Structures are given as C-alpha cells and as structure tokens.
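This is structure_12.pdb. It holds PDB, N, CA, C and O atoms.
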ATOM      1  N   MET C   1     114.603  41.088  54.851
ATOM      2  CA  MET C   1     113.489  41.973  54.574
ATOM      3  C   MET C   1     112.241  41.423  55.264
ATOM      4  O   MET C   1     111.939  40.253  55.180
ATOM      5  N   ARG C   2     111.559  42.296  55.922
ATOM      6  CA  ARG C   2     110.353  41.905  56.652
ATOM      7  C   ARG C   2     109.118  42.365  55.880
ATOM      8  O   ARG C   2     109.004  43.538  55.533
ATOM      9  N   LEU C   3     108.227  41.449  55.624
ATOM     10  CA  LEU C   3     107.000  41.767  54.893
ATOM     11  C   LEU C   3     105.847  41.874  55.894
ATOM     12  O   LEU C   3     105.582  40.946  56.641
ATOM     13  N   GLU C   4     105.212  43.019  55.929
ATOM     14  CA  GLU C   4     104.078  43.232  56.833
ATOM     15  C   GLU C   4     102.818  43.484  56.018
ATOM     16  O   GLU C   4     102.851  44.154  55.001
ATOM     17  N   VAL C   5     101.721  42.960  56.510
ATOM     18  CA  VAL C   5     100.437  43.146  55.863
ATOM     19  C   VAL C   5      99.467  43.701  56.899
ATOM     20  O   VAL C   5      99.293  43.130  57.975
ATOM     21  N   PHE C   6      98.865  44.824  56.602
ATOM     22  CA  PHE C   6      97.876  45.423  57.484
ATOM     23  C   PHE C   6      96.490  45.187  56.913
ATOM     24  O   PHE C   6      96.286  45.290  55.705
ATOM     25  N   ALA C   7      95.546  44.885  57.772
ATOM     26  CA  ALA C   7      94.180  44.604  57.327
ATOM     27  C   ALA C   7      93.194  45.422  58.151
ATOM     28  O   ALA C   7      93.410  45.670  59.334
ATOM     29  N   GLU C   8      92.141  45.839  57.516
ATOM     30  CA  GLU C   8      91.067  46.542  58.208
ATOM     31  C   GLU C   8      90.154  45.517  58.869
ATOM     32  O   GLU C   8      89.788  44.523  58.236
ATOM     33  N   PRO C   9      89.774  45.735  60.129
ATOM     34  CA  PRO C   9      88.842  44.794  60.762
ATOM     35  C   PRO C   9      87.460  44.896  60.107
ATOM     36  O   PRO C   9      86.957  45.981  59.852
ATOM     37  N   LEU C  10      86.876  43.753  59.830
ATOM     38  CA  LEU C  10      85.562  43.713  59.195
ATOM     39  C   LEU C  10      84.491  43.146  60.112
ATOM     40  O   LEU C  10      83.317  43.411  59.944
ATOM     41  N   LEU C  11      84.909  42.327  61.069
ATOM     42  CA  LEU C  11      83.966  41.664  61.967
ATOM     43  C   LEU C  11      84.281  42.012  63.418
ATOM     44  O   LEU C  11      85.420  42.290  63.772
ATOM     45  N   VAL C  12      83.257  41.967  64.250
ATOM     46  CA  VAL C  12      83.385  42.218  65.682
ATOM     47  C   VAL C  12      82.829  41.004  66.413
ATOM     48  O   VAL C  12      81.754  40.512  66.083
ATOM     49  N   ALA C  13      83.576  40.512  67.391
ATOM     50  CA  ALA C  13      83.089  39.406  68.224
ATOM     51  C   ALA C  13      82.430  39.997  69.462
ATOM     52  O   ALA C  13      83.002  40.858  70.131
ATOM     53  N   ASP C  14      81.229  39.570  69.753
ATOM     54  CA  ASP C  14      80.527  40.001  70.963
ATOM     55  C   ASP C  14      80.816  38.998  72.077
ATOM     56  O   ASP C  14      80.486  37.813  71.955
ATOM     57  N   ILE C  15      81.449  39.474  73.152
ATOM     58  CA  ILE C  15      81.812  38.642  74.292
ATOM     59  C   ILE C  15      81.220  39.266  75.549
ATOM     60  O   ILE C  15      81.314  40.464  75.765
ATOM     61  N   GLU C  16      80.605  38.444  76.358
ATOM     62  CA  GLU C  16      80.053  38.902  77.636
ATOM     63  C   GLU C  16      80.808  38.191  78.746
ATOM     64  O   GLU C  16      81.176  37.026  78.607
ATOM     65  N   TYR C  17      81.100  38.891  79.840
ATOM     66  CA  TYR C  17      81.801  38.271  80.962
ATOM     67  C   TYR C  17      81.254  38.807  82.277
ATOM     68  O   TYR C  17      80.628  39.858  82.325
ATOM     69  N   ARG C  18      81.478  38.060  83.340
ATOM     70  CA  ARG C  18      80.934  38.423  84.650
ATOM     71  C   ARG C  18      81.848  39.348  85.440
ATOM     72  O   ARG C  18      81.391  40.287  86.049
ATOM     73  N   ALA C  19      83.149  39.066  85.455
ATOM     74  CA  ALA C  19      84.077  39.860  86.260
ATOM     75  C   ALA C  19      85.503  39.519  85.865
ATOM     76  O   ALA C  19      85.740  38.662  85.016
ATOM     77  N   TRP C  20      86.450  40.193  86.495
ATOM     78  CA  TRP C  20      87.873  39.892  86.356
ATOM     79  C   TRP C  20      88.321  39.075  87.558
ATOM     80  O   TRP C  20      87.881  39.312  88.678
ATOM     81  N   THR C  21      89.226  38.122  87.331
ATOM     82  CA  THR C  21      89.814  37.378  88.440
ATOM     83  C   THR C  21      91.006  38.172  88.977
ATOM     84  O   THR C  21      91.432  39.160  88.366
ATOM     85  N   GLN C  22      91.570  37.737  90.102
ATOM     86  CA  GLN C  22      92.718  38.427  90.679
ATOM     87  C   GLN C  22      93.949  38.331  89.782
ATOM     88  O   GLN C  22      94.809  39.196  89.821
ATOM     89  N   ASP C  23      94.035  37.288  88.956
ATOM     90  CA  ASP C  23      95.174  37.156  88.040
ATOM     91  C   ASP C  23      94.867  37.727  86.650
ATOM     92  O   ASP C  23      95.477  37.360  85.664
ATOM     93  N   GLU C  24      93.905  38.654  86.600
ATOM     94  CA  GLU C  24      93.548  39.435  85.402
ATOM     95  C   GLU C  24      93.044  38.591  84.233
ATOM     96  O   GLU C  24      93.384  38.821  83.078
ATOM     97  N   LYS C  25      92.213  37.615  84.530
ATOM     98  CA  LYS C  25      91.539  36.832  83.499
ATOM     99  C   LYS C  25      90.038  37.074  83.609
ATOM    100  O   LYS C  25      89.535  37.454  84.660
ATOM    101  N   LEU C  26      89.328  36.853  82.504
ATOM    102  CA  LEU C  26      87.879  37.039  82.529
ATOM    103  C   LEU C  26      87.211  35.866  83.226
ATOM    104  O   LEU C  26      87.554  34.716  82.997
ATOM    105  N   ARG C  27      86.242  36.185  84.084
ATOM    106  CA  ARG C  27      85.479  35.144  84.770
ATOM    107  C   ARG C  27      84.206  34.882  83.977
ATOM    108  O   ARG C  27      83.450  35.791  83.669
ATOM    109  N   HIS C  28      83.974  33.635  83.622
ATOM    110  CA  HIS C  28      82.789  33.190  82.880
ATOM    111  C   HIS C  28      82.583  33.948  81.576
ATOM    112  O   HIS C  28      81.497  34.484  81.327
ATOM    113  N   PRO C  29      83.609  33.987  80.696
ATOM    114  CA  PRO C  29      83.393  34.631  79.400
ATOM    115  C   PRO C  29      82.440  33.797  78.543
ATOM    116  O   PRO C  29      82.426  32.573  78.618
ATOM    117  N   SER C  30      81.625  34.479  77.762
ATOM    118  CA  SER C  30      80.647  33.809  76.923
ATOM    119  C   SER C  30      80.643  34.458  75.539
ATOM    120  O   SER C  30      80.442  35.669  75.411
ATOM    121  N   PHE C  31      80.881  33.657  74.503
ATOM    122  CA  PHE C  31      80.867  34.132  73.125
ATOM    123  C   PHE C  31      79.421  34.297  72.681
ATOM    124  O   PHE C  31      78.645  33.346  72.695
ATOM    125  N   LYS C  32      79.049  35.509  72.290
ATOM    126  CA  LYS C  32      77.670  35.793  71.902
ATOM    127  C   LYS C  32      77.453  35.797  70.395
ATOM    128  O   LYS C  32      76.334  35.711  69.926
ATOM    129  N   GLY C  33      78.537  35.929  69.621
ATOM    130  CA  GLY C  33      78.397  35.885  68.177
ATOM    131  C   GLY C  33      79.363  36.821  67.480
ATOM    132  O   GLY C  33      80.128  37.536  68.108
ATOM    133  N   VAL C  34      79.294  36.799  66.145
ATOM    134  CA  VAL C  34      80.124  37.656  65.299
ATOM    135  C   VAL C  34      79.192  38.469  64.423
ATOM    136  O   VAL C  34      78.172  37.971  63.951
ATOM    137  N   ARG C  35      79.540  39.728  64.230
ATOM    138  CA  ARG C  35      78.715  40.595  63.380
ATOM    139  C   ARG C  35      79.626  41.543  62.609
ATOM    140  O   ARG C  35      80.800  41.691  62.922
ATOM    141  N   GLU C  36      79.088  42.187  61.603
ATOM    142  CA  GLU C  36      79.862  43.153  60.836
ATOM    143  C   GLU C  36      80.074  44.405  61.663
ATOM    144  O   GLU C  36      79.207  44.818  62.433
ATOM    145  N   MET C  37      81.249  45.002  61.508
ATOM    146  CA  MET C  37      81.578  46.218  62.247
ATOM    147  C   MET C  37      80.901  47.412  61.591
ATOM    148  O   MET C  37      80.943  47.570  60.371
ATOM    149  N   GLU C  38      80.260  48.242  62.396
ATOM    150  CA  GLU C  38      79.555  49.409  61.865
ATOM    151  C   GLU C  38      80.432  50.658  61.853
ATOM    152  O   GLU C  38      80.203  51.565  61.088
ATOM    153  N   GLY C  39      81.418  50.714  62.744
ATOM    154  CA  GLY C  39      82.298  51.876  62.804
ATOM    155  C   GLY C  39      83.481  51.597  63.719
ATOM    156  O   GLY C  39      83.446  50.678  64.529
ATOM    157  N   PRO C  40      84.551  52.385  63.608
ATOM    158  CA  PRO C  40      85.740  52.136  64.421
ATOM    159  C   PRO C  40      85.509  52.326  65.923
ATOM    160  O   PRO C  40      86.254  51.797  66.734
ATOM    161  N   SER C  41      84.478  53.058  66.307
ATOM    162  CA  SER C  41      84.215  53.268  67.731
ATOM    163  C   SER C  41      83.695  51.999  68.412
ATOM    164  O   SER C  41      83.649  51.918  69.631
ATOM    165  N   GLU C  42      83.323  50.985  67.636
ATOM    166  CA  GLU C  42      82.815  49.734  68.203
ATOM    167  C   GLU C  42      83.930  48.809  68.672
ATOM    168  O   GLU C  42      83.681  47.873  69.411
ATOM    169  N   VAL C  43      85.158  49.039  68.223
ATOM    170  CA  VAL C  43      86.271  48.163  68.564
ATOM    171  C   VAL C  43      87.082  48.824  69.665
ATOM    172  O   VAL C  43      87.540  49.950  69.525
ATOM    173  N   TYR C  44      87.245  48.142  70.774
ATOM    174  CA  TYR C  44      88.019  48.684  71.873
ATOM    175  C   TYR C  44      88.659  47.552  72.639
ATOM    176  O   TYR C  44      88.225  46.412  72.581
ATOM    177  N   GLU C  45      89.709  47.891  73.346
ATOM    178  CA  GLU C  45      90.424  46.904  74.138
ATOM    179  C   GLU C  45      89.915  46.968  75.567
ATOM    180  O   GLU C  45      89.814  48.041  76.147
ATOM    181  N   ILE C  46      89.589  45.820  76.123
ATOM    182  CA  ILE C  46      89.148  45.804  77.508
ATOM    183  C   ILE C  46      90.363  45.743  78.417
ATOM    184  O   ILE C  46      91.393  45.185  78.059
ATOM    185  N   SER C  47      90.256  46.367  79.544
ATOM    186  CA  SER C  47      91.370  46.389  80.477
ATOM    187  C   SER C  47      90.837  46.383  81.894
ATOM    188  O   SER C  47      89.841  47.018  82.204
ATOM    189  N   ASN C  48      91.530  45.678  82.755
ATOM    190  CA  ASN C  48      91.153  45.617  84.163
ATOM    191  C   ASN C  48      91.703  46.820  84.919
ATOM    192  O   ASN C  48      91.330  47.089  86.035
ATOM    193  N   HIS C  49      92.606  47.560  84.312
ATOM    194  CA  HIS C  49      93.243  48.717  84.959
ATOM    195  C   HIS C  49      92.486  49.963  84.589
ATOM    196  O   HIS C  49      92.330  50.303  83.440
ATOM    197  N   GLU C  50      92.006  50.678  85.570
ATOM    198  CA  GLU C  50      91.239  51.911  85.299
ATOM    199  C   GLU C  50      92.066  53.125  85.547
ATOM    200  O   GLU C  50      92.948  53.218  86.275
TER     201      GLU C  50
END
As a first step, turn the structure in this file into structure tokens.
Amino acid sequence: MRLEVFAEPLLVADIEYRAWTQDEKLRHPSFKGVREMEGPSEVYEISNHE
C-alpha cells in the first residue's frame, strides 16, 4: 500500500537569474528570499523551451 500526502504550497521562493546555459542550467542564480504565496498564479515552472 502506498501512502501519499498532498500539501498546498504556502511559501514562494524568489529567485533571480541572468540566463540559461547550453546544458539547460541557470547562470548566476540568486536567492532573493521567501514570502507567503498570494495566489496560485504566482507559482510557475520555469523552462528554457519556448
């Protein structure tokens, strides 16, 4: 039996970066802080593929 637990995100990490490298990594990522999430539209996945 597999036990799964789902949680609502409560915090958002602010990350700033300069660019993507050729091997799809962030160049010069910088952690700016953590704050409370105001709405689901604030959470998104970054992607190098457009």
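In this structure, atom O of C:Val5 sits 26.2 Å away from atom C of C:Lys32.
For the atom pair formed by atom CA of C:Ala7 and atom CA of C:Ser30, the distance is 26.1 Å, given to one decimal.
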Any chance you could work out the axis-aligned box around stretch 12-26 of chain C, listed atoms only, 6 Å on each side, giving centre and edge lengths in Å to one decimal, as JSON?
{"center_x": 87.8, "center_y": 38.5, "center_z": 77.5, "size_x": 27.4, "size_y": 19.5, "size_z": 38.4}
Q.
Residue by residue, what does the PyMOL selection byres (((chain C and resi 35 and name CA) around 10) and name CA) grab here? Present the result as a PyMOL selection string.
A. chain C and resi 10-14+32-34+36-38
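A straight-line distance of 8.7 Å separates atom CA of C:His28 from atom N of C:Glu16.
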Q: Rank C:Arg27, C:Thr21, C:Pro9, C:Ile15 by their smallest atom-to-atom distance to C:Gly39, using all atoms listed in the file, and report the top residue only.
A: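 Of C:Arg27, C:Thr21, C:Pro9, C:Ile15, the one nearest C:Gly39 is C:Pro9, counting all atoms listed in the file.
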